[in-house]
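Below is the file target-v7.cif, which contains mmCIF, C-alpha atoms (C1' of nucleotides).
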```
data_structure
loop_
_atom_site.group_PDB
_atom_site.id
_atom_site.type_symbol
_atom_site.label_atom_id
_atom_site.label_comp_id
_atom_site.auth_asym_id
_atom_site.auth_seq_id
_atom_site.Cartn_x
_atom_site.Cartn_y
_atom_site.Cartn_z
ATOM 1 C CA MET A 4 -9.846 23.543 -10.434
ATOM 2 C CA ASN A 5 -11.790 26.064 -8.364
ATOM 3 C CA TYR A 6 -10.520 28.090 -5.472
ATOM 4 C CA SER A 7 -11.060 26.739 -1.973
ATOM 5 C CA TYR A 8 -9.754 27.734 1.405
ATOM 6 C CA GLN A 9 -8.652 24.167 2.076
ATOM 7 C CA LYS A 10 -6.594 24.047 -1.130
ATOM 8 C CA GLU A 11 -4.953 27.291 -0.030
ATOM 9 C CA ILE A 12 -3.923 26.080 3.422
ATOM 10 C CA ILE A 13 -2.719 22.716 2.116
ATOM 11 C CA TYR A 14 -0.486 24.435 -0.423
ATOM 12 C CA GLU A 15 0.777 26.887 2.186
ATOM 13 C CA THR A 16 1.545 24.022 4.548
ATOM 14 C CA LEU A 17 3.625 22.304 1.891
ATOM 15 C CA LYS A 18 5.450 25.589 1.284
ATOM 16 C CA THR A 19 6.172 25.995 4.994
ATOM 17 C CA LEU A 20 7.208 22.450 5.865
ATOM 18 C CA LYS A 21 10.537 21.513 4.338
ATOM 19 C CA ASN A 22 10.291 17.847 5.258
ATOM 20 C CA HIS A 23 8.499 16.319 2.253
ATOM 21 C CA PRO A 24 5.458 15.432 4.389
ATOM 22 C CA THR A 25 2.911 12.682 3.900
ATOM 23 C CA ALA A 26 -0.783 13.531 3.433
ATOM 24 C CA GLU A 27 -1.406 12.331 6.975
ATOM 25 C CA TYR A 28 1.299 14.679 8.277
ATOM 26 C CA VAL A 29 -0.190 17.682 6.470
ATOM 27 C CA TYR A 30 -3.595 16.761 7.904
ATOM 28 C CA HIS A 31 -2.350 16.534 11.497
ATOM 29 C CA TYR A 32 -0.337 19.727 11.110
ATOM 30 C CA LEU A 33 -3.467 21.599 10.010
ATOM 31 C CA LYS A 34 -5.638 20.076 12.743
ATOM 32 C CA TYR A 35 -2.977 21.065 15.269
ATOM 33 C CA LYS A 36 -3.089 24.603 13.889
ATOM 34 C CA ASN A 37 -6.853 24.472 14.470
ATOM 35 C CA TYR A 38 -7.932 24.519 10.854
ATOM 36 C CA LYS A 39 -11.104 22.665 9.987
ATOM 37 C CA ILE A 40 -10.262 20.129 7.312
ATOM 38 C CA SER A 41 -10.762 16.458 6.534
ATOM 39 C CA LEU A 42 -8.170 13.865 5.602
ATOM 40 C CA ALA A 43 -9.929 13.032 2.326
ATOM 41 C CA THR A 44 -9.668 16.678 1.308
ATOM 42 C CA VAL A 45 -5.944 16.685 1.985
ATOM 43 C CA TYR A 46 -5.437 13.591 -0.186
ATOM 44 C CA ARG A 47 -7.765 14.922 -2.873
ATOM 45 C CA ASN A 48 -6.007 18.243 -3.165
ATOM 46 C CA LEU A 49 -2.453 17.013 -2.880
ATOM 47 C CA ASN A 50 -3.087 14.528 -5.669
ATOM 48 C CA LYS A 51 -4.930 17.043 -7.783
ATOM 49 C CA MET A 52 -2.147 19.597 -7.430
ATOM 50 C CA ALA A 53 0.430 16.916 -8.233
ATOM 51 C CA ALA A 54 -1.520 15.930 -11.360
ATOM 52 C CA LEU A 55 -1.525 19.577 -12.444
ATOM 53 C CA GLY A 56 2.206 19.879 -11.776
ATOM 54 C CA LYS A 57 1.751 22.502 -9.052
ATOM 55 C CA ILE A 58 3.530 20.240 -6.560
ATOM 56 C CA LYS A 59 5.407 16.938 -6.859
ATOM 57 C CA LYS A 60 4.391 13.561 -5.483
ATOM 58 C CA ILE A 61 7.320 11.378 -4.422
ATOM 59 C CA GLY A 62 6.941 7.608 -4.532
ATOM 60 C CA GLY A 63 9.411 4.854 -3.744
ATOM 61 C CA ILE A 64 9.788 5.866 -0.138
ATOM 62 C CA ASN A 65 9.027 3.206 2.426
ATOM 63 C CA GLY A 66 5.411 3.637 3.566
ATOM 64 C CA SER A 67 3.254 6.546 2.426
ATOM 65 C CA ALA A 68 3.622 8.886 -0.509
ATOM 66 C CA ARG A 69 5.440 12.158 0.129
ATOM 67 C CA TYR A 70 4.655 15.546 -1.358
ATOM 68 C CA ASP A 71 7.136 18.217 -2.336
ATOM 69 C CA TYR A 72 6.590 21.954 -2.811
ATOM 70 C CA ASN A 73 9.714 22.128 -4.950
ATOM 71 C CA ILE A 74 8.828 21.248 -8.540
ATOM 72 C CA ASN A 75 12.222 22.051 -10.004
ATOM 73 C CA LYS A 76 13.994 18.996 -11.381
ATOM 74 C CA HIS A 77 15.801 17.345 -8.489
ATOM 75 C CA TYR A 78 16.224 13.975 -6.810
ATOM 76 C CA HIS A 79 15.812 12.673 -3.272
ATOM 77 C CA PHE A 80 17.849 10.932 -0.653
ATOM 78 C CA GLU A 81 16.267 8.970 2.190
ATOM 79 C CA CYS A 82 18.392 8.441 5.294
ATOM 80 C CA GLN A 83 17.893 4.839 6.396
ATOM 81 C CA SER A 84 18.689 5.784 9.976
ATOM 82 C CA CYS A 85 16.724 8.974 10.771
ATOM 83 C CA GLY A 86 14.203 8.689 7.908
ATOM 84 C CA LYS A 87 14.698 12.282 6.757
ATOM 85 C CA ILE A 88 14.349 13.106 3.071
ATOM 86 C CA PHE A 89 16.946 15.388 1.494
ATOM 87 C CA ASP A 90 17.038 17.046 -1.919
ATOM 88 C CA ILE A 91 19.731 16.054 -4.381
ATOM 89 C CA SER A 92 20.686 18.269 -7.283
ATOM 90 C CA SER A 93 20.029 16.950 -10.778
ATOM 91 C CA GLU A 94 23.206 18.543 -12.153
ATOM 92 C CA PHE A 95 24.905 15.129 -12.214
ATOM 93 C CA THR A 96 22.638 13.637 -14.868
ATOM 94 C CA LEU A 97 22.674 16.256 -17.610
ATOM 95 C CA GLY A 98 21.821 14.705 -20.968
ATOM 96 C CA LEU A 99 20.755 11.413 -19.394
ATOM 97 C CA THR A 100 17.217 11.420 -20.809
ATOM 98 C CA GLU A 101 18.449 12.077 -24.335
ATOM 99 C CA GLN A 102 21.052 9.301 -24.100
ATOM 100 C CA ILE A 103 18.478 6.780 -22.973
ATOM 101 C CA GLN A 104 15.901 7.880 -25.528
ATOM 102 C CA ASN A 105 18.489 7.369 -28.241
ATOM 103 C CA ALA A 106 19.563 3.994 -26.888
ATOM 104 C CA THR A 107 16.052 2.605 -26.377
ATOM 105 C CA GLY A 108 13.698 4.311 -28.809
ATOM 106 C CA PHE A 109 11.379 5.148 -25.916
ATOM 107 C CA LYS A 110 9.846 8.587 -25.510
ATOM 108 C CA ILE A 111 10.764 9.698 -21.984
ATOM 109 C CA TYR A 112 8.679 12.374 -20.317
ATOM 110 C CA SER A 113 10.100 12.243 -16.800
ATOM 111 C CA HIS A 114 12.079 10.200 -14.357
ATOM 112 C CA ASP A 115 12.552 9.919 -10.624
ATOM 113 C CA MET A 116 15.598 8.848 -8.708
ATOM 114 C CA ILE A 117 15.958 8.121 -5.035
ATOM 115 C CA PHE A 118 19.119 7.389 -3.099
ATOM 116 C CA TYR A 119 19.291 5.371 0.101
ATOM 117 C CA GLY A 120 21.984 5.563 2.739
ATOM 118 C CA LEU A 121 23.081 7.569 5.755
ATOM 119 C CA CYS A 122 22.969 11.348 5.978
ATOM 120 C CA ALA A 123 26.117 13.087 7.193
ATOM 121 C CA GLU A 124 24.880 13.298 10.769
ATOM 122 C CA CYS A 125 23.722 9.680 11.071
ATOM 123 C CA ARG A 126 26.871 8.433 9.379
ATOM 124 C CA ASP A 127 28.969 10.152 12.062
ATOM 125 C CA ASN A 128 26.737 8.899 14.888
ATOM 126 C CA ASN A 129 26.963 5.372 13.555
ATOM 127 C CA TYR A 130 30.749 5.524 13.431
ATOM 128 C CA LYS A 131 30.706 6.626 17.061
ATOM 129 C CA THR A 132 28.398 3.788 18.041
ATOM 130 C CA ILE A 133 30.584 1.248 16.311
ATOM 131 C CA THR A 134 33.962 2.480 17.561
ATOM 132 C CA LEU A 135 33.107 3.197 21.205
ATOM 133 C CA MET B 6 16.148 -19.515 5.333
ATOM 134 C CA ASN B 7 15.004 -23.128 5.020
ATOM 135 C CA TYR B 8 13.999 -24.879 1.883
ATOM 136 C CA SER B 9 10.352 -25.001 0.950
ATOM 137 C CA TYR B 10 8.513 -26.038 -2.157
ATOM 138 C CA GLN B 11 6.613 -22.763 -2.176
ATOM 139 C CA LYS B 12 9.834 -20.720 -2.100
ATOM 140 C CA GLU B 13 11.066 -22.775 -5.032
ATOM 141 C CA ILE B 14 8.028 -22.214 -7.242
ATOM 142 C CA ILE B 15 7.848 -18.511 -6.397
ATOM 143 C CA TYR B 16 11.470 -18.041 -7.399
ATOM 144 C CA GLU B 17 10.975 -20.071 -10.571
ATOM 145 C CA THR B 18 7.929 -18.006 -11.450
ATOM 146 C CA LEU B 19 9.938 -14.812 -11.162
ATOM 147 C CA LYS B 20 12.617 -16.339 -13.354
ATOM 148 C CA THR B 21 10.064 -17.326 -15.983
ATOM 149 C CA LEU B 22 7.975 -14.174 -16.067
ATOM 150 C CA LYS B 23 9.861 -11.281 -17.596
ATOM 151 C CA ASN B 24 7.258 -8.693 -16.672
ATOM 152 C CA HIS B 25 8.338 -7.550 -13.180
ATOM 153 C CA PRO B 26 5.172 -8.974 -11.608
ATOM 154 C CA THR B 27 3.398 -7.917 -8.433
ATOM 155 C CA ALA B 28 2.985 -10.384 -5.556
ATOM 156 C CA GLU B 29 -0.672 -10.709 -6.491
ATOM 157 C CA TYR B 30 0.285 -11.573 -10.086
ATOM 158 C CA VAL B 31 2.703 -14.286 -8.978
ATOM 159 C CA TYR B 32 -0.016 -15.702 -6.730
ATOM 160 C CA HIS B 33 -2.632 -15.869 -9.491
ATOM 161 C CA TYR B 34 -0.119 -17.281 -11.953
ATOM 162 C CA LEU B 35 0.660 -20.129 -9.548
ATOM 163 C CA LYS B 36 -3.015 -20.776 -8.756
ATOM 164 C CA TYR B 37 -3.697 -20.871 -12.483
ATOM 165 C CA LYS B 38 -0.906 -23.425 -12.864
ATOM 166 C CA ASN B 39 -2.680 -25.438 -10.145
ATOM 167 C CA TYR B 40 -0.088 -25.047 -7.443
ATOM 168 C CA LYS B 41 -1.329 -24.964 -3.866
ATOM 169 C CA ILE B 42 -0.124 -21.737 -2.310
ATOM 170 C CA SER B 43 -1.448 -18.814 -0.320
ATOM 171 C CA LEU B 44 -1.079 -15.117 -1.014
ATOM 172 C CA ALA B 45 0.584 -14.461 2.349
ATOM 173 C CA THR B 46 3.260 -17.005 1.472
ATOM 174 C CA VAL B 47 3.957 -15.248 -1.804
ATOM 175 C CA TYR B 48 4.379 -11.907 -0.037
ATOM 176 C CA ARG B 49 6.445 -13.435 2.757
ATOM 177 C CA ASN B 50 8.865 -15.155 0.422
ATOM 178 C CA LEU B 51 9.210 -12.386 -2.126
ATOM 179 C CA ASN B 52 10.054 -9.950 0.649
ATOM 180 C CA LYS B 53 12.389 -12.375 2.366
ATOM 181 C CA MET B 54 14.247 -13.070 -0.870
ATOM 182 C CA ALA B 55 14.443 -9.358 -1.590
ATOM 183 C CA ALA B 56 15.854 -8.709 1.894
ATOM 184 C CA LEU B 57 18.510 -11.365 1.252
ATOM 185 C CA GLY B 58 19.346 -9.842 -2.130
ATOM 186 C CA LYS B 59 18.266 -12.962 -4.045
ATOM 187 C CA ILE B 60 15.737 -10.876 -6.016
ATOM 188 C CA LYS B 61 15.008 -7.145 -6.243
ATOM 189 C CA LYS B 62 11.908 -5.326 -5.018
ATOM 190 C CA ILE B 63 10.957 -2.321 -7.150
ATOM 191 C CA GLY B 64 9.046 0.515 -5.532
ATOM 192 C CA GLY B 65 7.882 3.812 -6.964
ATOM 193 C CA ILE B 66 5.597 2.249 -9.516
ATOM 194 C CA ASN B 67 1.985 3.276 -9.350
ATOM 195 C CA GLY B 68 0.096 0.797 -7.136
ATOM 196 C CA SER B 69 1.749 -2.358 -5.869
ATOM 197 C CA ALA B 70 5.389 -3.270 -5.441
ATOM 198 C CA ARG B 71 7.026 -5.175 -8.294
ATOM 199 C CA TYR B 72 9.622 -7.925 -8.026
ATOM 200 C CA ASP B 73 12.527 -8.507 -10.360
ATOM 201 C CA TYR B 74 14.533 -11.686 -10.928
ATOM 202 C CA ASN B 75 17.374 -9.605 -12.326
ATOM 203 C CA ILE B 76 19.544 -8.366 -9.459
ATOM 204 C CA ASN B 77 22.214 -6.794 -11.635
ATOM 205 C CA LYS B 78 22.352 -3.007 -11.335
ATOM 206 C CA HIS B 79 19.823 -1.583 -13.762
ATOM 207 C CA TYR B 80 16.946 0.874 -13.948
ATOM 208 C CA HIS B 81 13.334 0.691 -15.055
ATOM 209 C CA PHE B 82 11.033 2.342 -17.527
ATOM 210 C CA GLU B 83 7.257 2.284 -17.153
ATOM 211 C CA CYS B 84 5.200 2.852 -20.297
ATOM 212 C CA GLN B 85 2.364 5.210 -19.421
ATOM 213 C CA SER B 86 0.237 3.756 -22.185
ATOM 214 C CA CYS B 87 0.530 -0.054 -21.950
ATOM 215 C CA GLY B 88 1.844 -0.205 -18.371
ATOM 216 C CA LYS B 89 4.723 -2.542 -19.231
ATOM 217 C CA ILE B 90 7.982 -2.274 -17.301
ATOM 218 C CA PHE B 91 11.243 -2.376 -19.245
ATOM 219 C CA ASP B 92 14.823 -2.678 -18.058
ATOM 220 C CA ILE B 93 17.201 0.214 -18.632
ATOM 221 C CA SER B 94 20.951 -0.216 -18.567
ATOM 222 C CA SER B 95 22.844 1.559 -15.801
ATOM 223 C CA GLU B 96 25.799 2.267 -18.083
ATOM 224 C CA PHE B 97 24.730 5.918 -18.377
ATOM 225 C CA THR B 98 25.332 6.771 -14.725
ATOM 226 C CA LEU B 99 28.843 5.493 -14.094
ATOM 227 C CA GLY B 100 30.423 7.316 -11.171
ATOM 228 C CA LEU B 101 27.151 8.957 -10.148
ATOM 229 C CA THR B 102 27.101 7.609 -6.599
ATOM 230 C CA GLU B 103 30.668 8.765 -5.927
ATOM 231 C CA GLN B 104 29.954 12.235 -7.312
ATOM 232 C CA ILE B 105 26.917 12.650 -5.099
ATOM 233 C CA GLN B 106 28.638 11.244 -2.027
ATOM 234 C CA ASN B 107 31.431 13.775 -2.522
ATOM 235 C CA ALA B 108 29.028 16.640 -3.093
ATOM 236 C CA THR B 109 26.735 15.862 -0.138
ATOM 237 C CA GLY B 110 28.755 14.031 2.497
ATOM 238 C CA PHE B 111 26.072 11.324 2.570
ATOM 239 C CA LYS B 112 26.956 7.647 2.566
ATOM 240 C CA ILE B 113 24.996 6.136 -0.332
ATOM 241 C CA TYR B 114 24.296 2.404 -0.334
ATOM 242 C CA SER B 115 21.917 2.182 -3.278
ATOM 243 C CA HIS B 116 19.622 4.097 -5.536
ATOM 244 C CA ASP B 117 16.674 3.443 -7.802
ATOM 245 C CA MET B 118 15.646 5.292 -10.908
ATOM 246 C CA ILE B 119 12.476 4.960 -12.915
ATOM 247 C CA PHE B 120 11.648 6.577 -16.226
ATOM 248 C CA TYR B 121 8.138 7.343 -17.421
ATOM 249 C CA GLY B 122 7.019 7.758 -21.005
ATOM 250 C CA LEU B 123 5.967 5.754 -24.036
ATOM 251 C CA CYS B 124 7.633 2.571 -25.181
ATOM 252 C CA ALA B 125 8.571 2.341 -28.859
ATOM 253 C CA GLU B 126 5.415 0.457 -29.781
ATOM 254 C CA CYS B 127 2.999 2.731 -27.943
ATOM 255 C CA ARG B 128 4.761 5.819 -29.210
ATOM 256 C CA ASP B 129 4.154 4.630 -32.785
ATOM 257 C CA ASN B 130 0.550 3.663 -32.089
ATOM 258 C CA ASN B 131 -0.114 7.055 -30.553
ATOM 259 C CA TYR B 132 1.267 8.828 -33.587
ATOM 260 C CA LYS B 133 -1.105 6.788 -35.733
ATOM 261 C CA THR B 134 -4.040 7.626 -33.491
ATOM 262 C CA ILE B 135 -3.238 11.308 -33.663
ATOM 263 C CA THR B 136 -2.582 11.540 -37.410
ATOM 264 C CA LEU B 137 -5.416 9.374 -38.707
ATOM 265 C "C1'" DA C 9 15.543 -43.475 10.680
ATOM 266 C "C1'" DC C 10 13.583 -40.940 14.967
ATOM 267 C "C1'" DA C 11 12.489 -37.471 17.973
ATOM 268 C "C1'" DA C 12 12.851 -32.844 19.183
ATOM 269 C "C1'" DA C 13 13.430 -28.408 17.781
ATOM 270 C "C1'" DT C 14 12.904 -25.153 14.463
ATOM 271 C "C1'" DC C 15 10.922 -23.092 10.639
ATOM 272 C "C1'" DA C 16 7.284 -22.383 7.010
ATOM 273 C "C1'" DT C 17 2.575 -22.570 5.447
ATOM 274 C "C1'" DA C 18 -2.579 -21.585 4.871
ATOM 275 C "C1'" DA C 19 -6.361 -18.917 5.697
ATOM 276 C "C1'" DG C 20 -8.427 -15.419 7.261
ATOM 277 C "C1'" DA C 21 -8.268 -11.405 10.389
ATOM 278 C "C1'" DA C 22 -6.126 -7.060 11.019
ATOM 279 C "C1'" DT C 23 -3.767 -2.987 9.562
ATOM 280 C "C1'" DG C 24 -2.420 1.102 7.019
ATOM 281 C "C1'" DA C 25 -2.850 3.997 3.157
ATOM 282 C "C1'" DT C 26 -5.757 5.790 0.025
ATOM 283 C "C1'" DT C 27 -10.033 6.457 -2.544
ATOM 284 C "C1'" DC C 28 -14.964 6.589 -2.913
ATOM 285 C "C1'" DT C 29 -19.787 8.024 -1.793
ATOM 286 C "C1'" DC C 30 -23.080 11.236 -1.141
ATOM 287 C "C1'" DA C 31 -25.416 14.689 1.374
ATOM 288 C "C1'" DT C 32 -24.127 19.396 2.415
ATOM 289 C "C1'" DT C 33 -21.731 23.709 1.535
ATOM 290 C "C1'" DA C 34 -18.929 26.882 -1.216
ATOM 291 C "C1'" DT C 35 -17.692 29.004 -5.610
ATOM 292 C "C1'" DT C 36 -18.497 30.633 -10.136
ATOM 293 C "C1'" DA C 37 -20.871 32.642 -14.077
ATOM 294 C "C1'" DA C 38 -24.828 34.725 -16.194
ATOM 295 C "C1'" DT D 25 -29.151 36.348 -6.807
ATOM 296 C "C1'" DT D 26 -29.859 32.403 -8.671
ATOM 297 C "C1'" DA D 27 -28.779 28.369 -11.163
ATOM 298 C "C1'" DA D 28 -25.130 25.484 -12.264
ATOM 299 C "C1'" DT D 29 -20.988 23.589 -11.026
ATOM 300 C "C1'" DA D 30 -17.401 22.139 -8.074
ATOM 301 C "C1'" DA D 31 -15.486 21.128 -3.399
ATOM 302 C "C1'" DT D 32 -15.926 19.506 1.293
ATOM 303 C "C1'" DG D 33 -16.604 16.325 5.447
ATOM 304 C "C1'" DA D 34 -17.252 12.077 7.415
ATOM 305 C "C1'" DG D 35 -17.401 7.666 7.245
ATOM 306 C "C1'" DA D 36 -17.600 3.534 4.374
ATOM 307 C "C1'" DA D 37 -15.124 0.952 1.090
ATOM 308 C "C1'" DT D 38 -11.096 -0.657 -1.215
ATOM 309 C "C1'" DC D 39 -6.475 -2.110 -2.039
ATOM 310 C "C1'" DA D 40 -2.041 -3.723 -0.745
ATOM 311 C "C1'" DT D 41 0.269 -5.773 2.712
ATOM 312 C "C1'" DT D 42 1.268 -7.858 7.222
ATOM 313 C "C1'" DC D 43 -0.030 -10.455 11.255
ATOM 314 C "C1'" DT D 44 -1.879 -14.460 13.872
ATOM 315 C "C1'" DT D 45 -2.249 -19.052 14.994
ATOM 316 C "C1'" DA D 46 -3.017 -23.738 14.360
ATOM 317 C "C1'" DT D 47 -0.968 -27.166 11.463
ATOM 318 C "C1'" DG D 48 2.440 -29.284 8.548
ATOM 319 C "C1'" DA D 49 7.343 -29.537 6.682
ATOM 320 C "C1'" DT D 50 12.308 -29.421 7.322
ATOM 321 C "C1'" DT D 51 16.435 -29.838 9.825
ATOM 322 C "C1'" DT D 52 19.612 -31.554 13.319
ATOM 323 C "C1'" DG D 53 21.692 -34.611 16.481
ATOM 324 C "C1'" DT D 54 21.932 -39.278 17.759
#
```
Could you express the structure from this file as structure tokens?
Amino acid sequence: MNYSYQKEIIYETLKTLKNHPTAEYVYHYLKYKNYKISLATVYRNLNKMAALGKIKKIGGINGSARYDYNINKHYHFECQSCGKIFDISSEFTLGLTEQIQNATGFKIYSHDMIFYGLCAECRDNNYKTITL
Amino acid sequence: MNYSYQKEIIYETLKTLKNHPTAEYVYHYLKYKNYKISLATVYRNLNKMAALGKIKKIGGINGSARYDYNINKHYHFECQSCGKIFDISSEFTLGLTEQIQNATGFKIYSHDMIFYGLCAECRDNNYKTITL
DNA sequence: ACAAATCATAAGAATGATTCTCATTATTAA
DNA sequence: TTAATAATGAGAATCATTCTTATGATTTGT
């Protein structure tokens, strides 16, 4: 994978934004910042970087794919009210892969987990809405 | 949700097929079996049944959504070689939701997990390919 | 069983997300 | 610096899914 300015600014955008953006979001962010770039290039590079393990592509979220600068093992939580994506530590599943490999005979290379519910803020707002 | 013949045969198809099919697959299976049905109806009913909890919609798998007749809590494994989807018991994550709710303050309603790797058969075949 | 109201379907159009194509431009290596 | 290779931009194409609307099926009350 050769150097390119576009690759650079896409990667920097992902580093800056903490909101697990979609390709479309990265594209609009860069256009807004007056960088010259095309949507296809954003998709191309995000997927290429994900394939190389430089970033992480997150599936399973309603709508478009999300991309994550953080490639350390961790999970995600999607708030069903505000739509925000939060990181969840993977400390709660230590040894899980080994257990399942032993139980199934499968060779497991990776896994993803996503939680759905209400973030702390939305949970409180919803209680207010219901009780008032 | 009213009765309809189409709903019936879609649900029966999901019960019969053990392979976590896509909507498209269910549609072609039914056409092949000479049932009169349209693709939009397959999508409409699979999604409606999933919304009502009668079946389970599985996201996060490369490409299209998959649908599962089994609505008991369980996870999935996708073989990166043959593409088959296998069920994984959820017995290895007892208490996980509570732990994460306590640690984060989020209200968690559900979660999905998908493992990627090689199924037993493909793992063996790959060894053969490599060593021969 | 009948009529009226409601709901579901078929078929194709429309949409949204993503990938492809290919002519042009940038990057790399000798 | 030049040839070879790789990346980009822009729009077309594709894929999965949803929407639209006219028609047909199902339900409900009598």
Is it possible to get the superposed chain B, fitted on chain A over all Cα pairs by sequence order, as a short mmCIF file (atom, residue, chain, number, x, y, z; two decimals) with C-alpha atoms, keeping the file's coordinate frame?
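Resulting contents of part.cif:
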```cif
data_model
loop_
_atom_site.label_atom_id
_atom_site.label_comp_id
_atom_site.auth_asym_id
_atom_site.auth_seq_id
_atom_site.Cartn_x
_atom_site.Cartn_y
_atom_site.Cartn_z
CA MET B 6 -9.75 24.02 -10.26
CA ASN B 7 -11.72 26.47 -8.12
CA TYR B 8 -10.46 28.36 -5.16
CA SER B 9 -10.98 26.92 -1.72
CA TYR B 10 -9.65 27.81 1.68
CA GLN B 11 -8.59 24.21 2.24
CA LYS B 12 -6.55 24.15 -0.98
CA GLU B 13 -4.86 27.34 0.17
CA ILE B 14 -3.82 26.05 3.59
CA ILE B 15 -2.66 22.71 2.21
CA TYR B 16 -0.43 24.45 -0.31
CA GLU B 17 0.89 26.83 2.34
CA THR B 18 1.64 23.91 4.63
CA LEU B 19 3.70 22.25 1.93
CA LYS B 20 5.55 25.51 1.38
CA THR B 21 6.29 25.84 5.09
CA LEU B 22 7.27 22.28 5.87
CA LYS B 23 10.59 21.36 4.31
CA ASN B 24 10.31 17.68 5.15
CA HIS B 25 8.48 16.21 2.13
CA PRO B 26 5.46 15.29 4.26
CA THR B 27 2.89 12.56 3.71
CA ALA B 28 -0.79 13.45 3.27
CA GLU B 29 -1.42 12.17 6.78
CA TYR B 30 1.31 14.47 8.14
CA VAL B 31 -0.15 17.52 6.43
CA TYR B 32 -3.56 16.61 7.85
CA HIS B 33 -2.32 16.29 11.43
CA TYR B 34 -0.25 19.46 11.12
CA LEU B 35 -3.36 21.40 10.08
CA LYS B 36 -5.53 19.84 12.80
CA TYR B 37 -2.84 20.73 15.32
CA LYS B 38 -2.92 24.31 14.04
CA ASN B 39 -6.69 24.21 14.63
CA TYR B 40 -7.78 24.35 11.03
CA LYS B 41 -10.99 22.54 10.13
CA ILE B 42 -10.18 20.06 7.40
CA SER B 43 -10.71 16.41 6.56
CA LEU B 44 -8.15 13.83 5.54
CA ALA B 45 -9.94 13.08 2.26
CA THR B 46 -9.66 16.75 1.33
CA VAL B 47 -5.93 16.70 1.96
CA TYR B 48 -5.49 13.66 -0.28
CA ARG B 49 -7.80 15.06 -2.94
CA ASN B 50 -6.03 18.39 -3.16
CA LEU B 51 -2.48 17.11 -2.92
CA ASN B 52 -3.16 14.70 -5.76
CA LYS B 53 -4.99 17.30 -7.81
CA MET B 54 -2.16 19.80 -7.40
CA ALA B 55 0.37 17.12 -8.28
CA ALA B 56 -1.60 16.22 -11.42
CA LEU B 57 -1.57 19.89 -12.43
CA GLY B 58 2.17 20.13 -11.78
CA LYS B 59 1.74 22.71 -9.00
CA ILE B 60 3.54 20.37 -6.56
CA LYS B 61 5.38 17.06 -6.95
CA LYS B 62 4.31 13.66 -5.65
CA ILE B 63 7.22 11.42 -4.66
CA GLY B 64 6.75 7.67 -4.81
CA GLY B 65 9.19 4.87 -4.10
CA ILE B 66 9.67 5.78 -0.48
CA ASN B 67 8.87 3.09 2.02
CA GLY B 68 5.22 3.46 3.11
CA SER B 69 3.15 6.44 2.05
CA ALA B 70 3.54 8.87 -0.82
CA ARG B 71 5.38 12.11 -0.07
CA TYR B 72 4.62 15.55 -1.48
CA ASP B 73 7.13 18.20 -2.42
CA TYR B 74 6.63 21.95 -2.79
CA ASN B 75 9.74 22.13 -4.95
CA ILE B 76 8.81 21.32 -8.55
CA ASN B 77 12.22 22.06 -10.01
CA LYS B 78 13.96 18.98 -11.39
CA HIS B 79 15.78 17.32 -8.52
CA TYR B 80 16.23 13.95 -6.85
CA HIS B 81 15.82 12.63 -3.32
CA PHE B 82 17.87 10.92 -0.68
CA GLU B 83 16.30 8.96 2.17
CA CYS B 84 18.40 8.45 5.29
CA GLN B 85 17.98 4.85 6.40
CA SER B 86 18.73 5.82 9.98
CA CYS B 87 16.69 8.97 10.74
CA GLY B 88 14.21 8.64 7.87
CA LYS B 89 14.65 12.24 6.70
CA ILE B 90 14.33 13.05 3.01
CA PHE B 91 16.90 15.37 1.44
CA ASP B 92 16.98 17.04 -1.95
CA ILE B 93 19.70 16.07 -4.41
CA SER B 94 20.66 18.27 -7.32
CA SER B 95 20.00 16.92 -10.80
CA GLU B 96 23.15 18.54 -12.18
CA PHE B 97 24.89 15.15 -12.25
CA THR B 98 22.62 13.62 -14.89
CA LEU B 99 22.63 16.22 -17.65
CA GLY B 100 21.76 14.62 -20.98
CA LEU B 101 20.70 11.34 -19.38
CA THR B 102 17.18 11.30 -20.80
CA GLU B 103 18.42 11.94 -24.34
CA GLN B 104 21.05 9.21 -24.07
CA ILE B 105 18.50 6.67 -22.92
CA GLN B 106 15.91 7.71 -25.48
CA ASN B 107 18.52 7.22 -28.21
CA ALA B 108 19.64 3.88 -26.83
CA THR B 109 16.14 2.44 -26.31
CA GLY B 110 13.78 4.11 -28.76
CA PHE B 111 11.46 4.93 -25.85
CA LYS B 112 9.87 8.35 -25.47
CA ILE B 113 10.76 9.49 -21.95
CA TYR B 114 8.62 12.15 -20.29
CA SER B 115 10.06 12.06 -16.78
CA HIS B 116 12.08 10.07 -14.33
CA ASP B 117 12.57 9.83 -10.59
CA MET B 118 15.64 8.78 -8.69
CA ILE B 119 16.02 8.09 -5.01
CA PHE B 120 19.20 7.40 -3.10
CA TYR B 121 19.38 5.40 0.11
CA GLY B 122 22.07 5.62 2.75
CA LEU B 123 23.11 7.65 5.77
CA CYS B 124 22.94 11.41 5.97
CA ALA B 125 26.06 13.21 7.21
CA GLU B 126 24.78 13.44 10.77
CA CYS B 127 23.69 9.82 11.08
CA ARG B 128 26.85 8.60 9.42
CA ASP B 129 28.88 10.37 12.12
CA ASN B 130 26.65 9.14 14.93
CA ASN B 131 26.94 5.58 13.66
CA TYR B 132 30.71 5.79 13.61
CA LYS B 133 30.59 6.92 17.23
CA THR B 134 28.27 4.07 18.16
CA ILE B 135 30.55 1.55 16.53
CA THR B 136 33.86 2.86 17.89
CA LEU B 137 32.85 3.60 21.47
#
```
- chain D residues near chain B (10 Å cut-off, all atoms listed in the file) as a list of chain:residue names: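 Those within range of chain B come out as D:DC39, D:DA40, D:DT41, D:DT42, D:DC43, D:DA49, D:DT50, D:DT51.
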- What is the atom CA of A:Leu20-atom CA of A:Lys60 distance in Å, reported with one decimal?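 A separation of 14.7 Å between them.
Nearest to chain B of all the residues A:Ile74, A:Lys21, A:Asn65, A:Ser41 is A:Asn65, based on all atoms listed in the file.
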